[in-house]
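Here is structure09.csv, consisting of CSV, C-alpha atoms and all ligand atoms:
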```
chain,number,residue,atom,x,y,z
F,1,MET,CA,104.1,31.3,6.0
F,2,THR,CA,102.8,34.1,8.2
F,3,ALA,CA,99.7,34.2,10.4
F,4,HIS,CA,96.8,36.3,9.4
F,5,PRO,CA,97.0,39.8,10.9
F,6,LEU,CA,93.6,39.3,12.5
F,7,PHE,CA,95.2,36.9,14.9
F,8,ASP,CA,98.2,39.1,15.8
F,9,ILE,CA,98.0,40.0,19.5
F,10,SER,CA,101.6,40.9,20.0
F,11,GLY,CA,102.2,44.0,22.1
F,12,ARG,CA,98.9,43.5,24.1
F,13,THR,CA,98.9,43.2,27.9
F,14,ALA,CA,97.2,40.1,29.5
F,15,LEU,CA,96.4,39.1,33.0
F,16,VAL,CA,95.8,35.4,33.7
F,17,THR,CA,94.4,34.5,37.2
F,18,GLY,CA,95.5,31.3,38.8
F,19,ALA,CA,98.5,31.1,36.4
F,20,GLY,CA,101.0,29.4,38.7
F,21,ARG,CA,100.3,26.0,37.3
F,22,GLY,CA,98.0,23.9,35.2
F,23,ILE,CA,95.7,25.5,32.6
F,24,GLY,CA,96.5,29.1,33.7
F,25,LEU,CA,100.2,28.6,33.3
F,26,ALA,CA,99.7,27.0,29.8
F,27,LEU,CA,97.5,30.0,28.8
F,28,ALA,CA,100.0,32.5,30.1
F,29,ARG,CA,102.8,30.7,28.1
F,30,GLY,CA,100.6,30.8,25.0
F,31,LEU,CA,100.0,34.5,25.4
F,32,ALA,CA,103.7,35.2,26.0
F,33,GLU,CA,104.6,33.1,22.9
F,34,ALA,CA,102.1,35.2,20.9
F,35,GLY,CA,104.0,38.3,21.9
F,36,CYS,CA,101.9,39.6,24.8
F,37,THR,CA,103.1,41.1,28.0
F,38,VAL,CA,101.8,38.7,30.5
F,39,VAL,CA,100.9,39.1,34.2
F,40,LEU,CA,100.6,35.8,36.2
F,41,ASN,CA,98.3,35.9,39.2
F,42,GLY,CA,98.0,33.6,42.1
F,43,ARG,CA,98.3,33.5,45.9
F,44,ASP,CA,101.7,31.8,46.2
F,45,ALA,CA,104.5,34.3,45.4
F,46,GLY,CA,107.2,31.6,45.2
F,47,ARG,CA,105.2,29.4,42.8
F,48,LEU,CA,104.4,32.4,40.6
F,49,THR,CA,108.1,33.5,40.4
F,50,ARG,CA,109.1,29.9,39.4
F,51,ALA,CA,106.3,29.8,36.8
F,52,ALA,CA,107.3,33.2,35.4
F,53,ALA,CA,110.9,32.1,35.0
F,54,GLU,CA,109.7,29.2,32.7
F,55,LEU,CA,108.0,31.6,30.3
F,56,PRO,CA,109.7,32.6,27.0
F,57,GLY,CA,110.4,36.2,25.9
F,58,ASP,CA,112.0,39.3,27.4
F,59,ARG,CA,111.9,39.4,31.2
F,60,ASP,CA,110.3,42.9,31.0
F,61,ARG,CA,107.3,41.3,29.3
F,62,ILE,CA,106.6,38.7,32.2
F,63,HIS,CA,105.2,39.9,35.5
F,64,THR,CA,103.6,38.5,38.6
F,65,ALA,CA,100.8,39.8,40.7
F,66,VAL,CA,100.1,38.1,44.0
F,67,PHE,CA,96.5,38.6,45.2
F,68,ASP,CA,93.5,36.4,46.3
F,69,VAL,CA,90.8,36.6,43.6
F,70,THR,CA,88.1,36.0,46.2
F,71,ASP,CA,88.8,39.1,48.2
F,72,GLY,CA,87.3,42.3,46.8
F,73,THR,CA,89.7,44.7,48.5
F,74,SER,CA,92.8,42.7,47.3
F,75,VAL,CA,91.4,42.5,43.8
F,76,ALA,CA,90.8,46.2,43.6
F,77,ALA,CA,94.3,46.9,44.9
F,78,GLY,CA,95.8,44.2,42.7
F,79,ILE,CA,94.3,45.4,39.4
F,80,ALA,CA,95.2,49.0,40.2
F,81,ASP,CA,98.8,47.9,40.9
F,82,VAL,CA,99.1,45.9,37.7
F,83,GLU,CA,97.9,48.8,35.6
F,84,GLU,CA,100.3,51.2,37.2
F,85,ARG,CA,103.3,48.8,37.2
F,86,VAL,CA,102.7,47.0,33.8
F,87,GLY,CA,100.3,49.1,31.8
F,88,PRO,CA,96.6,49.1,30.7
F,89,LEU,CA,95.1,45.6,30.5
F,90,ASP,CA,93.9,44.5,27.0
F,91,ILE,CA,93.1,40.9,27.9
F,92,LEU,CA,91.9,39.3,31.1
F,93,VAL,CA,91.6,35.5,31.5
F,94,ASN,CA,89.5,34.6,34.6
F,95,ASN,CA,91.0,31.1,35.2
F,96,ALA,CA,91.5,30.6,38.9
F,97,GLY,CA,89.3,27.8,40.2
F,98,ILE,CA,89.0,24.8,42.5
F,99,GLN,CA,87.2,21.5,42.6
F,100,LEU,CA,85.7,20.1,45.8
F,101,ARG,CA,84.2,16.6,45.3
F,102,ALA,CA,81.6,15.3,47.7
F,103,PRO,CA,78.0,14.1,47.6
F,104,LEU,CA,75.6,17.0,47.9
F,105,LEU,CA,74.0,15.6,51.1
F,106,GLU,CA,77.4,15.7,52.8
F,107,PHE,CA,78.7,19.0,51.3
F,108,ALA,CA,79.7,21.4,54.1
F,109,ASP,CA,78.5,25.0,54.1
F,110,ALA,CA,82.0,26.3,54.3
F,111,ASP,CA,83.0,24.3,51.2
F,112,TRP,CA,79.9,25.6,49.3
F,113,HIS,CA,81.0,29.2,50.0
F,114,ARG,CA,84.6,28.5,49.2
F,115,ILE,CA,83.9,27.0,45.8
F,116,LEU,CA,81.4,29.7,44.9
F,117,ASP,CA,83.8,32.4,45.9
F,118,THR,CA,86.7,30.9,44.0
F,119,ASN,CA,85.0,29.9,40.8
F,120,LEU,CA,82.3,32.5,40.4
F,121,THR,CA,82.6,35.5,42.7
F,122,SER,CA,86.3,35.9,41.6
F,123,ALA,CA,85.2,36.4,37.9
F,124,PHE,CA,82.8,39.0,39.0
F,125,LEU,CA,85.3,40.8,41.2
F,126,VAL,CA,88.3,40.7,38.8
F,127,GLY,CA,86.1,41.1,35.8
F,128,ARG,CA,84.4,44.2,37.2
F,129,GLU,CA,87.6,45.8,38.2
F,130,ALA,CA,89.3,45.2,34.8
F,131,ALA,CA,86.1,46.2,32.9
F,132,ARG,CA,85.8,49.5,34.8
F,133,ARG,CA,89.1,50.5,33.0
F,134,MET,CA,88.5,48.6,29.7
F,135,THR,CA,85.0,50.1,29.1
F,136,GLU,CA,86.5,53.6,29.7
F,137,ARG,CA,89.2,52.9,27.1
F,138,GLY,CA,86.6,51.5,24.7
F,139,HIS,CA,88.2,48.1,24.2
F,140,GLY,CA,89.1,44.9,25.9
F,141,LYS,CA,88.8,41.1,25.9
F,142,ILE,CA,87.7,39.0,28.9
F,143,ILE,CA,87.8,35.2,28.7
F,144,ASN,CA,86.1,33.3,31.6
F,145,ILE,CA,87.3,29.7,32.0
F,146,CYS,CA,84.1,27.8,32.2
F,147,SER,CA,83.9,24.0,31.9
F,148,LEU,CA,82.2,21.1,30.3
F,149,GLN,CA,80.3,21.2,33.6
F,150,SER,CA,78.8,24.6,32.5
F,151,GLU,CA,76.5,22.2,30.6
F,152,VAL,CA,76.5,18.7,32.2
F,153,VAL,CA,77.1,17.2,35.6
F,154,ARG,CA,77.6,13.9,37.3
F,155,PRO,CA,77.2,12.8,40.9
F,156,GLY,CA,79.7,14.3,43.4
F,157,ILE,CA,80.4,17.6,41.7
F,158,ALA,CA,77.1,19.5,41.8
F,159,PRO,CA,78.5,22.6,43.6
F,160,TYR,CA,81.3,22.8,41.0
F,161,ALA,CA,78.8,22.5,38.1
F,162,ALA,CA,76.6,25.1,39.8
F,163,THR,CA,79.5,27.6,39.8
F,164,LYS,CA,80.5,26.8,36.2
F,165,GLY,CA,76.9,27.0,34.9
F,166,ALA,CA,76.5,30.4,36.7
F,167,LEU,CA,79.8,31.5,35.2
F,168,LYS,CA,78.4,30.8,31.7
F,169,MET,CA,75.5,33.2,32.5
F,170,LEU,CA,77.8,35.7,34.1
F,171,THR,CA,79.7,35.7,30.8
F,172,LYS,CA,76.5,36.4,28.9
F,173,GLY,CA,75.6,39.2,31.3
F,174,MET,CA,79.0,40.8,31.0
F,175,CYS,CA,78.7,40.6,27.2
F,176,ALA,CA,75.3,42.4,27.5
F,177,GLU,CA,76.6,45.2,29.7
F,178,TRP,CA,80.1,45.8,28.5
F,179,GLY,CA,79.7,44.9,24.8
F,180,PRO,CA,78.4,48.4,23.9
F,181,SER,CA,81.7,49.8,25.3
F,182,GLY,CA,83.8,47.7,23.1
F,183,VAL,CA,84.6,44.9,25.5
F,184,GLN,CA,84.1,41.3,24.3
F,185,VAL,CA,83.4,38.7,26.9
F,186,ASN,CA,83.4,35.0,26.1
F,187,GLY,CA,83.9,31.7,27.9
F,188,LEU,CA,86.2,28.8,27.2
F,189,GLY,CA,84.9,25.5,28.3
F,190,PRO,CA,87.6,22.8,28.8
F,191,GLY,CA,86.7,19.1,28.9
F,192,TYR,CA,88.7,16.7,30.9
F,193,ILE,CA,92.2,18.1,31.0
F,194,GLU,CA,95.1,16.5,32.9
F,195,THR,CA,96.1,18.9,35.7
F,196,GLU,CA,96.5,18.8,39.5
F,197,LEU,CA,92.8,19.6,39.8
F,198,THR,CA,91.9,16.3,38.0
F,199,ARG,CA,94.8,14.3,39.4
F,200,PRO,CA,92.5,12.0,41.5
F,201,LEU,CA,90.5,11.2,38.3
F,202,VAL,CA,93.6,10.7,36.1
F,203,ASP,CA,95.0,8.3,38.8
F,204,ASP,CA,91.7,6.4,38.8
F,205,GLU,CA,92.1,3.8,35.9
F,206,GLU,CA,88.4,3.1,35.5
F,207,PHE,CA,87.5,6.8,35.4
F,208,GLY,CA,90.4,7.5,32.9
F,209,ALA,CA,89.2,4.8,30.6
F,210,TRP,CA,85.6,6.1,30.9
F,211,VAL,CA,86.9,9.6,29.8
F,212,ARG,CA,88.7,8.1,26.8
F,213,ARG,CA,85.6,6.1,25.8
F,214,ARG,CA,83.3,9.0,26.3
F,215,THR,CA,85.4,11.6,24.4
F,216,PRO,CA,85.2,11.4,20.6
F,217,ALA,CA,88.9,12.5,20.4
F,218,GLY,CA,89.6,9.3,22.5
F,219,ARG,CA,92.0,10.9,25.0
F,220,TRP,CA,92.3,13.3,27.9
F,221,GLY,CA,92.9,16.9,27.0
F,222,ARG,CA,96.3,18.6,27.5
F,223,THR,CA,96.6,22.1,28.8
F,224,GLU,CA,98.1,23.1,25.5
F,225,ASP,CA,94.9,22.1,23.8
F,226,LEU,CA,93.3,25.2,25.2
F,227,VAL,CA,95.8,27.8,24.0
F,228,GLY,CA,94.4,28.2,20.5
F,229,GLY,CA,90.9,29.0,21.7
F,230,VAL,CA,92.1,31.7,24.1
F,231,LEU,CA,94.4,33.3,21.5
F,232,PHE,CA,91.5,33.4,19.1
F,233,LEU,CA,89.1,34.9,21.6
F,234,ALA,CA,91.8,37.5,22.6
F,235,SER,CA,92.4,38.6,19.0
F,236,HIS,CA,90.7,40.9,16.5
F,237,ALA,CA,89.5,37.8,14.8
F,238,ALA,CA,86.9,37.6,17.6
F,239,ASP,CA,85.8,41.2,17.6
F,240,PHE,CA,82.2,40.3,16.7
F,241,VAL,CA,82.2,37.2,19.0
F,242,SER,CA,80.7,37.9,22.4
F,243,GLY,CA,78.8,36.0,25.0
F,244,GLN,CA,79.8,32.6,23.6
F,245,ILE,CA,81.2,29.6,25.3
F,246,LEU,CA,83.8,27.8,23.2
F,247,TYR,CA,83.9,24.2,24.4
F,248,VAL,CA,87.4,22.6,23.9
F,249,ASP,CA,86.5,19.1,25.1
F,250,GLY,CA,87.5,16.7,22.3
F,251,GLY,CA,83.7,16.6,21.4
F,252,MET,CA,82.4,15.4,24.8
F,253,THR,CA,79.6,17.8,25.2
F,254,SER,CA,78.2,16.9,21.7
F,255,VAL,CA,77.7,13.2,22.2
F,256,LEU,CA,75.8,10.8,24.5
A,301,LIG,P1,94.8,23.8,39.1
A,301,LIG,O1,96.0,23.1,38.5
A,301,LIG,O2,94.4,23.3,40.5
A,301,LIG,O3,95.2,25.4,39.2
A,301,LIG,C1,94.3,26.3,39.8
A,301,LIG,C2,95.0,27.6,39.9
A,301,LIG,O4,94.1,28.5,40.6
A,301,LIG,C3,96.2,27.5,40.8
A,301,LIG,O5,97.3,28.1,40.1
A,301,LIG,C4,95.8,28.3,42.1
A,301,LIG,O6,96.9,29.0,42.5
A,301,LIG,C5,94.8,29.2,41.5
A,301,LIG,N1,93.9,29.7,42.6
A,301,LIG,C6,93.0,29.0,43.3
A,301,LIG,N2,92.4,29.8,44.2
A,301,LIG,C7,92.8,31.0,44.0
A,301,LIG,C8,92.6,32.3,44.6
A,301,LIG,N3,91.7,32.4,45.6
A,301,LIG,N4,93.2,33.4,44.1
A,301,LIG,C9,94.1,33.3,43.1
A,301,LIG,N5,94.4,32.1,42.5
A,301,LIG,C10,93.8,31.0,43.0
A,301,LIG,O7,93.5,23.8,38.2
A,301,LIG,P2,93.4,23.7,36.6
A,301,LIG,O8,93.0,22.4,36.2
A,301,LIG,O9,94.5,24.3,35.9
A,301,LIG,O10,92.1,24.6,36.4
A,301,LIG,C11,92.1,26.0,36.0
A,301,LIG,C12,90.7,26.4,35.6
A,301,LIG,O11,90.2,25.6,34.6
A,301,LIG,C13,89.7,26.3,36.8
A,301,LIG,O12,88.8,27.4,36.7
A,301,LIG,C14,89.0,25.0,36.5
A,301,LIG,O13,87.7,25.0,37.1
A,301,LIG,C15,88.9,25.0,35.0
A,301,LIG,N6,88.7,23.7,34.4
A,301,LIG,C16,89.6,22.7,34.6
A,301,LIG,C17,89.4,21.5,33.9
A,301,LIG,C18,90.3,20.3,34.0
A,301,LIG,O14,90.0,19.3,33.6
A,301,LIG,N7,91.5,20.5,34.6
A,301,LIG,C19,88.2,21.3,33.2
A,301,LIG,C20,87.3,22.4,33.0
A,301,LIG,C21,87.6,23.6,33.6
A,301,LIG,P3,97.4,29.2,44.1
A,301,LIG,O15,96.8,28.0,44.8
A,301,LIG,O16,98.9,29.2,44.0
A,301,LIG,O17,96.9,30.5,44.5
```
Show how you would write the structure in this file as structure tokens.
Ligand code: NAP
Amino acid sequence: MTAHPLFDISGRTALVTGAGRGIGLALARGLAEAGCTVVLNGRDAGRLTRAAAELPGDRDRIHTAVFDVTDGTSVAAGIADVEERVGPLDILVNNAGIQLRAPLLEFADADWHRILDTNLTSAFLVGREAARRMTERGHGKIINICSLQSEVVRPGIAPYAATKGALKMLTKGMCAEWGPSGVQVNGLGPGYIETELTRPLVDDEEFGAWVRRRTPAGRWGRTEDLVGGVLFLASHAADFVSGQILYVDGGMTSVL
């Protein structure tokens, strides 16, 4: 049995931000398995080298790019370097993100700016830099990793939800502005996925049980659960899909 040609993304070049571990690494692996040339981004060169070594495929199809996605100058230099060294980007996955949990009344100014910079400004900076080139070439796919918290929130994570809600609207704005130039921009909204970011929640038995009860699928998500959605949004099968957020959350956003 062969896959439908609409889903064939082999030979494309993809950049995944925050790809040294967790969701970003799983998405980079999925794209590599689908035959893409993949560039893994992050701030820790050693971690990226180890992550790249784990990925399947010819070594000349796996690359790393060390830059901080919150810093405009580094982002501009990083994207220029990737395009020169690896080739024109067809796919960008804006995945880098952090979580800082604290009651809003106690949330520090510096943490507010850090979470906004990492989860929201980064997608603007990297997205704009990639889209400057993609719109000129007349094609490209950008996938912003949003969240269940683009829609709903609970106490203690208001700033995170604010960044992810705004990222949803940035996705729609990018769709409006870059769609006419052949660039489709969509979001993927993971539910509760086991990674380092959610480690404190996974380790909390009561919270873990709540997640399982609250999720129609009855379990935590795994990073591999997100791969199919990204491959779809990166493919020709999604050429007329733009400005959408695909929630991959075991059904959690649909139920009370
Ligand atoms: P994670 O395991 O903590 O990984 C986050 C990645 O982001 C790391 O590889 C980190 O790399 C990178 N990163 C952080 N700041 C960066 C910066 N300034 N520049 C470049 N890279 C940076 O988190 P995850 O769970 O995989 O989350 C990935 C994305 O999915 C995030 O946007 C998160 O909000 C979203 N998400 C996660 C869940 C979940 O349940 N896990 C649910 C919904 C959405 P370095 O520190 O090495 O630079």
**Study point:** All residues having an atom within 6 Å of ligand LIG 301 (chain A) (only C-alpha atoms and all ligand atoms) as a PyMOL selection string
**Key:** chain F and resi 17-24+42-44+68-70+95-98+118+145-148+190-198
Exercise for review: For segment 163-168 of chain F, please output as a PyMOL selection string all residues within 7 Å (counting only C-alpha atoms; exclusion window: fewer than 6 positions along the same chain).
Suggested key: chain F and resi 116+119-120+146-147+149-151+187
Check your understanding: For Ala77 of chain F, which of F:Ala130, F:Ala53, F:Ala158, F:Ala110 is the closest residue, counting only C-alpha atoms?
Key -> F:Ala130
Point to revise | Surrounding residues of Val153 of chain F excluding itself and chain neighbours under 6 positions, 9 Å, all atoms listed in the file, as a list in words | key: Tyr160, Ala161 and Ala162 of chain F
Store the residues of this selection in a file with C-alpha atoms, as a compact mmCIF listing (two decimals), in the coordinates of the input.
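Contents of again-v1.txt, freshly written:
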```txt
# COMPACT_ATOMS: atom_id res chain seq x y z
CA TYR F 160 81.30 22.80 41.00
CA ALA F 161 78.80 22.50 38.10
CA ALA F 162 76.60 25.10 39.80
```
Review point. If we count only C-alpha atoms, what is near segment 217-233 of chain F at a cut-off of 10 Å, once residues fewer than 5 positions away on the same chain are taken out, given as a ChimeraX atom specification?
Key: /F:6-9,22-31,34,91,93,141-145,184-195,202,208-212,238-239,241-242,244,246-252
C-alpha atoms of the current selection, written as a short mmCIF file (atom, residue, chain, number, x, y, z; two decimals), keeping the file's coordinate frame:
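Dumped everything to selection_1.cif:
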```
data_model
loop_
_atom_site.label_atom_id
_atom_site.label_comp_id
_atom_site.auth_asym_id
_atom_site.auth_seq_id
_atom_site.Cartn_x
_atom_site.Cartn_y
_atom_site.Cartn_z
CA LEU F 6 93.60 39.30 12.50
CA PHE F 7 95.20 36.90 14.90
CA ASP F 8 98.20 39.10 15.80
CA ILE F 9 98.00 40.00 19.50
CA GLY F 22 98.00 23.90 35.20
CA ILE F 23 95.70 25.50 32.60
CA GLY F 24 96.50 29.10 33.70
CA LEU F 25 100.20 28.60 33.30
CA ALA F 26 99.70 27.00 29.80
CA LEU F 27 97.50 30.00 28.80
CA ALA F 28 100.00 32.50 30.10
CA ARG F 29 102.80 30.70 28.10
CA GLY F 30 100.60 30.80 25.00
CA LEU F 31 100.00 34.50 25.40
CA ALA F 34 102.10 35.20 20.90
CA ILE F 91 93.10 40.90 27.90
CA VAL F 93 91.60 35.50 31.50
CA LYS F 141 88.80 41.10 25.90
CA ILE F 142 87.70 39.00 28.90
CA ILE F 143 87.80 35.20 28.70
CA ASN F 144 86.10 33.30 31.60
CA ILE F 145 87.30 29.70 32.00
CA GLN F 184 84.10 41.30 24.30
CA VAL F 185 83.40 38.70 26.90
CA ASN F 186 83.40 35.00 26.10
CA GLY F 187 83.90 31.70 27.90
CA LEU F 188 86.20 28.80 27.20
CA GLY F 189 84.90 25.50 28.30
CA PRO F 190 87.60 22.80 28.80
CA GLY F 191 86.70 19.10 28.90
CA TYR F 192 88.70 16.70 30.90
CA ILE F 193 92.20 18.10 31.00
CA GLU F 194 95.10 16.50 32.90
CA THR F 195 96.10 18.90 35.70
CA VAL F 202 93.60 10.70 36.10
CA GLY F 208 90.40 7.50 32.90
CA ALA F 209 89.20 4.80 30.60
CA TRP F 210 85.60 6.10 30.90
CA VAL F 211 86.90 9.60 29.80
CA ARG F 212 88.70 8.10 26.80
CA ALA F 238 86.90 37.60 17.60
CA ASP F 239 85.80 41.20 17.60
CA VAL F 241 82.20 37.20 19.00
CA SER F 242 80.70 37.90 22.40
CA GLN F 244 79.80 32.60 23.60
CA LEU F 246 83.80 27.80 23.20
CA TYR F 247 83.90 24.20 24.40
CA VAL F 248 87.40 22.60 23.90
CA ASP F 249 86.50 19.10 25.10
CA GLY F 250 87.50 16.70 22.30
CA GLY F 251 83.70 16.60 21.40
CA MET F 252 82.40 15.40 24.80
#
```
Check your understanding: Which residue gives the smallest distance to Met134 of chain F among F:Ala65, F:Ala237, F:Cys36, F:Leu89, with all atoms listed in the file counted?
Key ->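 Of the candidates, the smallest distance to Met134 of chain F is held by F:Leu89.
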Study note, to complete from the structure: Using all atoms listed in the file, the shortest atom-to-atom distance to Ile79 of chain F among F:Glu106, F:Asp117, F:Glu129, F:Asp111 belongs to F:Glu129
Review point. Atom CA of Arg213 of chain F to atom CA of Leu256 of chain F: how many Å, to one decimal?
Key: 10.9 Å
Can you tell me which residues surround Thr135 of chain F at a distance of at most 12 Å, considering all atoms listed in the file, apart from same-chain residues fewer than 3 positions away, and format the answer as an mmCIF file with C-alpha atoms, in the frame of the given file?
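Result file is selection05.cif:
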```cif
data_model
loop_
_atom_site.group_PDB
_atom_site.id
_atom_site.type_symbol
_atom_site.label_atom_id
_atom_site.label_comp_id
_atom_site.auth_asym_id
_atom_site.auth_seq_id
_atom_site.Cartn_x
_atom_site.Cartn_y
_atom_site.Cartn_z
ATOM 1 C CA PRO F 88 96.600 49.100 30.700
ATOM 2 C CA LEU F 89 95.100 45.600 30.500
ATOM 3 C CA ASP F 90 93.900 44.500 27.000
ATOM 4 C CA GLY F 127 86.100 41.100 35.800
ATOM 5 C CA ARG F 128 84.400 44.200 37.200
ATOM 6 C CA GLU F 129 87.600 45.800 38.200
ATOM 7 C CA ALA F 130 89.300 45.200 34.800
ATOM 8 C CA ALA F 131 86.100 46.200 32.900
ATOM 9 C CA ARG F 132 85.800 49.500 34.800
ATOM 10 C CA GLY F 138 86.600 51.500 24.700
ATOM 11 C CA HIS F 139 88.200 48.100 24.200
ATOM 12 C CA GLY F 140 89.100 44.900 25.900
ATOM 13 C CA LYS F 141 88.800 41.100 25.900
ATOM 14 C CA ILE F 142 87.700 39.000 28.900
ATOM 15 C CA MET F 174 79.000 40.800 31.000
ATOM 16 C CA CYS F 175 78.700 40.600 27.200
ATOM 17 C CA GLU F 177 76.600 45.200 29.700
ATOM 18 C CA TRP F 178 80.100 45.800 28.500
ATOM 19 C CA GLY F 179 79.700 44.900 24.800
ATOM 20 C CA PRO F 180 78.400 48.400 23.900
ATOM 21 C CA SER F 181 81.700 49.800 25.300
ATOM 22 C CA GLY F 182 83.800 47.700 23.100
ATOM 23 C CA VAL F 183 84.600 44.900 25.500
ATOM 24 C CA GLN F 184 84.100 41.300 24.300
ATOM 25 C CA VAL F 185 83.400 38.700 26.900
#
```
Check your understanding: What separation in Å, quoted to one decimal, exists between atom CA of Pro56 of chain F and atom CA of Gly11 of chain F?
Key ->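 Pair atom CA of Pro56 of chain F / atom CA of Gly11 of chain F returns 14.5 Å.
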**Study point:** Computed interatomic separation between atom CA of Met169 of chain F and atom CA of Phe240 of chain F (Å)
**Key:**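 Atom CA of Met169 of chain F sits 18.6 Å away from atom CA of Phe240 of chain F.
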**Study point:** Residue among F:Thr215, F:Thr2, F:Thr121, F:Ser74 lying closest to Thr253 of chain F, counting all atoms listed in the file
**Key:**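 With all atoms listed in the file as the atom set, the closest residue is F:Thr215.
With all atoms listed in the file as the atoms that count, the residue of F:Ile157, F:Gly243, F:Gly35, F:Pro216 with the shortest distance to Ala176 of chain F is F:Gly243.
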Practice item. Name the closest residue to Phe124 of chain F among the candidates F:Ala32, F:Leu170, F:Val86, F:Ala108; distances are taken between atoms, counting all atoms listed in the file. Key: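 Looking only at the distances to Phe124 of chain F, the closest residue turns out to be F:Leu170.
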